Amino acid sequence: MTYRITFAVAGRARFLSHLETVDTLLGALRRAGFDIALSKGMKPRPVISLALPRAVGIETLADIADVELRGDHEPLDVGERLANHLPMGMTVIAVEPATGKQAASRVESVTYRVEVADDVDWDAGLAAFAAAEACEVVRTAPNKASKRVDVRRFCTALAHEPGALEMELAVTDAGTARPEELTQAVAALVGATPNIERLVRTAIRLREPVGAHT
Amino acid sequence: MTQAALERRIESVLETVQKPSRYIGGEANQVQKPQATTVVALCYPDAYEVGISNQALQILYQQVNARPAMAAERVYCPWPDMADAMRREGLPLFTLETWRPVREVDLLGITLQAELTYSNVLEVLDLAGIPLRAADRGEGDPIVVAGGPSASNPAPLAPFFDAFFMGESEEAFEDVLDAMAGAAGRAARMAALAENPHLDLPGRGRRDVERAIHTEFGIETQPIEVVVPYSSAIFSRASVEVMRGCTRGCRFCHAGTWYRPVRERPAEQVIEAGLAQLACTGYDELSLTSLATSDYTDVVPAIEGIKERMPDLHLSLPSNRVDTGPVAMTAAANARQSSITLAPEAATQRMRDIICKTITDEMIENAIEAAFRAGYTSLKMYFMIGLPRETHAEVQGIVDLGLKAREIGRRVRAGGRFSVHVSASNFVPKPHTPFQWEGMSSRDQLVAKQGYMRRAMPTRQIRLSLHDVRTSMLEGALARGGEELADVIERAWRAGARFDAWTEMFAEAAWEAAFAEAGTTIDEVATREYGEWDELPWDHVRSGVSKEFLLDEWWQSRAEVATGDCRWDGCADCGACFGPVRNKLVH
């Protein structure tokens, strides 16, 4: 049976990579006494997928993992036993039976809270951002050519409150924007460079499965 | 700086470095004891992913933490990007468990598993803010103790350590911990350690020291609740040490001398410990470790007992003898594995007699055939080049055996996919072995032999891996060097040498300049031959195996005669057995 585990990552655990997070979840489930189902084929692997990778250093309040366990278990029992074996900084928020396609193929958008210093005129930045048709940033990655990305097209909501930006970024077939890119783009519109103090992923929204009741 | 401020600054630095999980601690089974009155930092002087799986430190971690008032905390050598950031921000090296500055602990134990970590030892001391030289340390500094197999020649690092612990920790290190607990302050503790027969104390002059031996080798000293590394570790699996020591007598092998005699654990204890460790770590793989697990006399019941309880478990048996039986056993233990490793070490019978590797051509070929018949699609074979009295025939023999393996593979696999991987390392003579008097092969010879193998070995279905000659030469120089190398190591470290075992990090120019300033070269020290009457830098370290036996074995190698294994062929009078210390086999 496949379970959808919603979990938070905070404190020092935020420095775990995506792969380390997966392995940490698997190890904790095994220590909790669960038998994880394996994929078919020559090299069977545990059946687990995370809805969305998390960049190293970003905290999350509600990441999602789909994992298939052998046998039937009460979701509450899965959550309680798993919670006892997670390292400091990782906590279980909820466990429920997963239905339909896996979460990784149904991510619609992601919301972030970006804590920033208020030495930028964010309200002016937000106004300029709302008025702009496009807002490009240069994305660089090791061993890859840099490319220009229009982050405006991915932003579905953006708000400022003292000390923080709240944003929602769409996840599409054409990709998505990173919260720090959007923050930098908004600040750049008013000629500033932002000082990001903390990045927290606050929610992952999934598309409803086809045919599901709303 | 308060602890809270220190932690905030560390977190800030972690935002900027590669693989920050190396430094955060908090893994499953980590032990935190903030109320401990004596703190021991255990250091593996390499990156986290290399050091975290080290079994010796796992044993010590359990041993120290078993004492209510003592805490063991781990520390590894920060990668250069982290080290640079720490120096820039003025941050001290810290332990993983509590992010406590290493300088504040009572004892800093550094394991010396390989000579190419020596520059990292100085990096660790410097980042910790501990004076490099023991003579410069004061009451506020921890006692810095080395252990591990490379401590068996303490000379090159002697000025940097307060003490070198010789041998196995399980029983004898208790006296060191007693001394730490029973005295306060560095001077009083050093005085309490002065008479310990297993401690070499360079600052108190040279005296004979004995290797400590875990006589009983009971299962209670096998760590169960081991720290589970984050996934970046090179070994992520449960492991139970089924046997310690090996008396095969391979003349190049340091471990073959240093861990004598052979001691085995009964299968039922191994099974119980393995299952317990799997349960509390969450691993899905178990390794039965030893220097040669196929020699373990209770291996079949151990495998059967584990597979009976966990049929799907990935069970690995490293370091097996090259023969059909061990191949079949390895295949039975783990049907999912697609590759197998055989280590003939030398490809000709003459050279195997020289190095005392008592296997025949027929056994090797049968093992290769058995491996392919068992369904393995990748065969790895390990060899050494540069062995004493090696001729072209021995190098050609490796090429020929690679071709032979391919031929067998083609016949047995009958058109199916397979590959042969030939790996040849460069022989480095080690202290406390029959080859300790031998000089290393010259750099030119090793390069020429490697070049020949590259040209002669076809590439279709055969892959050839060769070790970096530059780092092998340095390893050779450091392995058998004397105290004169301490200045060289410090100079090289000051010029930027660290992580020397990592090819991309190797600072050859720094080492060459450091040796040159001492009026010598890496090659001159590495290729130096010792005479049988010469006093060796490590002569005062008593491994238990007599120098006479090593000398006799050296002569036997020159006569190209192998010596039998005392477990089955009668005592060879090596000197390792005395009183309760002797081979302890289950069957």
# chains A, B, ... in the order shown; residues from 1 in each chain; ligands from 1

call {"tool": "residues_around", "arguments": {"residues": "Glu512 (chain B)", "least_positions_apart": "3", "cutoff": "8 Å", "atoms": "only C-alpha atoms", "output": "list of chain:residue names"}}
result
B:Glu508, B:Ala509, B:Phe515, B:Ala516, B:Thr521, B:Ile522

call {"tool": "write_last_selection", "arguments": {"atoms": "N, CA and C atoms", "output": "mmCIF file, in the first residue's frame"}}
result
data_model
loop_
_atom_site.group_PDB
_atom_site.id
_atom_site.type_symbol
_atom_site.label_atom_id
_atom_site.label_comp_id
_atom_site.auth_asym_id
_atom_site.auth_seq_id
_atom_site.Cartn_x
_atom_site.Cartn_y
_atom_site.Cartn_z
ATOM 1 N N GLU B 508 51.482 17.950 -5.690
ATOM 2 C CA GLU B 508 52.791 17.325 -5.885
ATOM 3 C C GLU B 508 53.927 18.320 -5.668
ATOM 4 N N ALA B 509 53.735 19.528 -6.189
ATOM 5 C CA ALA B 509 54.815 20.527 -6.088
ATOM 6 C C ALA B 509 55.115 20.862 -4.629
ATOM 7 N N PHE B 515 60.376 18.048 0.412
ATOM 8 C CA PHE B 515 61.454 17.053 0.464
ATOM 9 C C PHE B 515 62.776 17.697 0.053
ATOM 10 N N ALA B 516 62.716 18.554 -0.972
ATOM 11 C CA ALA B 516 63.943 19.190 -1.450
ATOM 12 C C ALA B 516 64.580 20.043 -0.355
ATOM 13 N N THR B 521 64.594 13.642 -1.822
ATOM 14 C CA THR B 521 63.438 13.619 -2.726
ATOM 15 C C THR B 521 62.454 12.550 -2.258
ATOM 16 N N ILE B 522 61.243 12.655 -2.755
ATOM 17 C CA ILE B 522 60.233 11.629 -2.448
ATOM 18 C C ILE B 522 60.767 10.264 -2.881
#

call {"tool": "interface_residues", "arguments": {"of": "chain B", "to": "chain A", "cutoff": "7 Å", "atoms": "only C-alpha atoms", "output": "list in words"}}
result
Glu15, Pro20, Ser21, Ile24, Gly26, Glu27, Ala28, Tyr230, Ser231, Ala279, Cys280, Thr281, Gly282 and Tyr283 of chain B

call {"tool": "residues_around", "arguments": {"residues": "region 165-180 of chain B", "least_positions_apart": "2", "cutoff": "7 Å", "atoms": "only C-alpha atoms", "output": "list in words"}}
result
Val145, Ala146, Gly147, Ala151, Ser152, Ala163, Gly182, Ala183, Arg189, Ala192, Leu193, His198, Leu199, Asp200, Glu210, Arg211, Ala212, Ile213, His214 and Thr221 of chain B

call {"tool": "write_last_selection", "arguments": {"atoms": "C-alpha atoms", "output": "short mmCIF file (atom, residue, chain, number, x, y, z; two decimals), in the first residue's frame"}}
result
data_model
loop_
_atom_site.label_atom_id
_atom_site.label_comp_id
_atom_site.auth_asym_id
_atom_site.auth_seq_id
_atom_site.Cartn_x
_atom_site.Cartn_y
_atom_site.Cartn_z
CA VAL B 145 46.66 10.45 20.69
CA ALA B 146 47.15 8.54 17.43
CA GLY B 147 45.96 5.03 16.76
CA ALA B 151 50.63 4.36 13.93
CA SER B 152 52.80 1.24 13.82
CA ALA B 163 51.05 9.58 22.37
CA GLY B 182 41.23 9.52 37.22
CA ALA B 183 43.40 12.60 36.77
CA ARG B 189 46.97 12.83 32.80
CA ALA B 192 49.17 8.77 34.46
CA LEU B 193 49.69 7.52 30.92
CA HIS B 198 50.90 0.17 24.68
CA LEU B 199 51.59 3.88 24.43
CA ASP B 200 54.53 5.35 22.60
CA GLU B 210 53.72 -3.54 22.73
CA ARG B 211 50.79 -3.94 20.40
CA ALA B 212 47.56 -4.44 22.37
CA ILE B 213 45.49 -7.48 21.42
CA HIS B 214 41.80 -8.08 22.04
CA THR B 221 32.62 -5.50 21.66
#

call {"tool": "select_by_dssp", "arguments": {"residues": "region 357-473 of chain B", "states": "strand (DSSP E or B)", "output": "count of residues only"}}
result
21

call {"tool": "atom_distance", "arguments": {"atom1": "CA of Arg207 (chain B)", "atom2": "CA of Pro159 (chain B)"}}
result
15.5 Å

call {"tool": "closest_residue", "arguments": {"among": "B:Pro580, B:Pro431, B:Thr563, B:Ala267", "to": "Thr247 (chain B)", "atoms": "only C-alpha atoms"}}
result
B:Thr563

call {"tool": "closest_residue", "arguments": {"among": "B:Ala273, B:Leu60, B:Val327, B:Val469", "to": "Lys449 (chain B)", "atoms": "only C-alpha atoms"}}
result
B:Val469

call {"tool": "residues_around", "arguments": {"residues": "region 135-139 of chain A", "least_positions_apart": "2", "cutoff": "12 Å", "atoms": "only C-alpha atoms", "output": "PyMOL selection string"}}
result
chain A and resi 125-126+128-133+141-142+144-155+176-189

call {"tool": "write_last_selection", "arguments": {"atoms": "C-alpha atoms", "output": "mmCIF file, in the first residue's frame"}}
result
data_model
loop_
_atom_site.group_PDB
_atom_site.id
_atom_site.type_symbol
_atom_site.label_atom_id
_atom_site.label_comp_id
_atom_site.auth_asym_id
_atom_site.auth_seq_id
_atom_site.Cartn_x
_atom_site.Cartn_y
_atom_site.Cartn_z
ATOM 1 C CA GLY A 125 9.303 46.451 -6.237
ATOM 2 C CA LEU A 126 6.084 44.466 -6.098
ATOM 3 C CA ALA A 128 6.859 47.276 -10.703
ATOM 4 C CA PHE A 129 6.813 43.497 -10.868
ATOM 5 C CA ALA A 130 3.015 43.437 -11.255
ATOM 6 C CA ALA A 131 3.218 45.972 -14.067
ATOM 7 C CA ALA A 132 5.970 44.180 -15.940
ATOM 8 C CA GLU A 133 5.125 41.803 -18.751
ATOM 9 C CA ALA A 141 24.624 26.123 -12.737
ATOM 10 C CA PRO A 142 27.959 24.317 -12.437
ATOM 11 C CA LYS A 144 26.131 24.185 -17.604
ATOM 12 C CA ALA A 145 25.722 27.195 -19.813
ATOM 13 C CA SER A 146 23.873 30.044 -18.127
ATOM 14 C CA LYS A 147 20.403 30.852 -19.431
ATOM 15 C CA ARG A 148 17.837 33.614 -19.122
ATOM 16 C CA VAL A 149 14.601 32.706 -17.394
ATOM 17 C CA ASP A 150 11.425 34.803 -17.258
ATOM 18 C CA VAL A 151 10.392 34.309 -13.633
ATOM 19 C CA ARG A 152 7.330 36.540 -14.040
ATOM 20 C CA ARG A 153 5.420 33.859 -15.947
ATOM 21 C CA PHE A 154 5.760 31.366 -13.081
ATOM 22 C CA CYS A 155 4.664 33.693 -10.282
ATOM 23 C CA THR A 176 9.497 26.808 -12.573
ATOM 24 C CA ALA A 177 11.227 29.715 -10.892
ATOM 25 C CA ARG A 178 13.298 29.589 -7.754
ATOM 26 C CA PRO A 179 12.223 31.721 -4.808
ATOM 27 C CA GLU A 180 15.598 33.433 -4.554
ATOM 28 C CA GLU A 181 15.447 34.269 -8.279
ATOM 29 C CA LEU A 182 12.091 35.924 -7.879
ATOM 30 C CA THR A 183 13.272 37.826 -4.816
ATOM 31 C CA GLN A 184 16.334 39.064 -6.694
ATOM 32 C CA ALA A 185 14.241 40.001 -9.720
ATOM 33 C CA VAL A 186 11.824 42.080 -7.646
ATOM 34 C CA ALA A 187 14.629 43.842 -5.814
ATOM 35 C CA ALA A 188 16.429 44.511 -9.093
ATOM 36 C CA LEU A 189 13.366 46.387 -10.368
#

call {"tool": "select_by_dssp", "arguments": {"residues": "region 491-576 of chain B", "states": "alpha helix (DSSP H)", "output": "PyMOL selection string"}}
result
chain B and resi 491-494+508-517+522-526+547-558+566-569

call {"tool": "closest_residue", "arguments": {"among": "B:Leu91, B:Ala114, B:Ala448, B:Ala4", "to": "Gly51 (chain B)", "atoms": "only C-alpha atoms"}}
result
B:Ala114

call {"tool": "closest_residue", "arguments": {"among": "B:Met363, B:Asp162, B:Ala302, B:Ser423", "to": "Gln349 (chain B)", "atoms": "only C-alpha atoms"}}
result
B:Met363

call {"tool": "residues_around", "arguments": {"residues": "Arg186 (chain B)", "least_positions_apart": "6", "cutoff": "8 Å", "atoms": "only C-alpha atoms", "output": "list of chain:residue names"}}
result
B:Gly138, B:Glu139, B:Gly140, B:Asp141, B:Pro142, B:Ile143

call {"tool": "write_last_selection", "arguments": {"atoms": "C-alpha atoms", "output": "PDB file, in the first residue's frame"}}
result
ATOM      1  CA  GLY B 138      49.888  23.613  27.463  1.00  0.00           C
ATOM      2  CA  GLU B 139      47.348  22.826  30.184  1.00  0.00           C
ATOM      3  CA  GLY B 140      44.447  24.136  28.129  1.00  0.00           C
ATOM      4  CA  ASP B 141      45.080  21.798  25.228  1.00  0.00           C
ATOM      5  CA  PRO B 142      43.723  18.290  24.782  1.00  0.00           C
ATOM      6  CA  ILE B 143      45.970  15.251  24.825  1.00  0.00           C
TER       7      ILE B 143
END

call {"tool": "closest_residue", "arguments": {"among": "A:Val67, A:Ala134, A:Ala62, A:Ala159", "to": "Arg201 (chain A)", "atoms": "only C-alpha atoms"}}
result
A:Ala62

call {"tool": "closest_residue", "arguments": {"among": "B:Glu97, B:Asp552, B:Glu268, B:Asp523", "to": "Pro34 (chain B)", "atoms": "only C-alpha atoms"}}
result
B:Glu97

call {"tool": "residues_around", "arguments": {"residues": "Glu161 (chain A)", "least_positions_apart": "3", "cutoff": "12 Å", "atoms": "only C-alpha atoms", "output": "number ranges by chain"}}
result
A: 113-118, 121-123, 126, 158, 164-167

call {"tool": "residues_around", "arguments": {"residues": "Val422 (chain B)", "least_positions_apart": "2", "cutoff": "8 Å", "atoms": "only C-alpha atoms", "output": "compact mmCIF listing (two decimals) with N, CA, C and O atoms, in the first residue's frame"}}
result
# COMPACT_ATOMS: atom_id res chain seq x y z
N LYS B 380 36.01 -8.30 -11.51
CA LYS B 380 37.12 -7.39 -11.21
C LYS B 380 38.28 -8.22 -10.67
O LYS B 380 38.06 -9.09 -9.82
N MET B 381 39.47 -7.94 -11.14
CA MET B 381 40.66 -8.64 -10.63
C MET B 381 41.70 -7.62 -10.18
O MET B 381 42.04 -6.70 -10.93
N TYR B 382 42.19 -7.79 -8.96
CA TYR B 382 43.16 -6.86 -8.41
C TYR B 382 44.56 -7.46 -8.46
O TYR B 382 44.77 -8.61 -8.06
N PHE B 383 45.52 -6.64 -8.90
CA PHE B 383 46.93 -7.05 -8.97
C PHE B 383 47.79 -5.92 -8.40
O PHE B 383 47.33 -4.80 -8.21
N GLY B 402 44.29 -11.20 -17.85
CA GLY B 402 43.12 -10.41 -18.26
C GLY B 402 42.52 -10.98 -19.54
O GLY B 402 41.30 -11.13 -19.67
N VAL B 420 35.44 -7.51 -18.04
CA VAL B 420 36.54 -7.84 -17.13
C VAL B 420 37.23 -6.53 -16.77
O VAL B 420 37.53 -5.73 -17.65
N ALA B 424 45.44 -2.60 -11.31
CA ALA B 424 46.80 -2.86 -10.84
C ALA B 424 47.27 -1.68 -9.98
O ALA B 424 47.36 -0.55 -10.47
N ILE B 462 37.50 -5.36 -21.78
CA ILE B 462 38.45 -5.32 -20.66
C ILE B 462 38.68 -3.86 -20.29
O ILE B 462 38.91 -3.01 -21.16
N ARG B 463 38.59 -3.58 -19.01
CA ARG B 463 38.87 -2.23 -18.53
C ARG B 463 40.09 -2.28 -17.61
O ARG B 463 40.18 -3.17 -16.77
N LEU B 464 41.00 -1.36 -17.80
CA LEU B 464 42.23 -1.34 -17.01
C LEU B 464 42.24 -0.12 -16.11
O LEU B 464 42.03 1.00 -16.56
N SER B 465 42.49 -0.34 -14.80
CA SER B 465 42.63 0.79 -13.87
C SER B 465 44.02 0.74 -13.24
O SER B 465 44.45 -0.32 -12.79
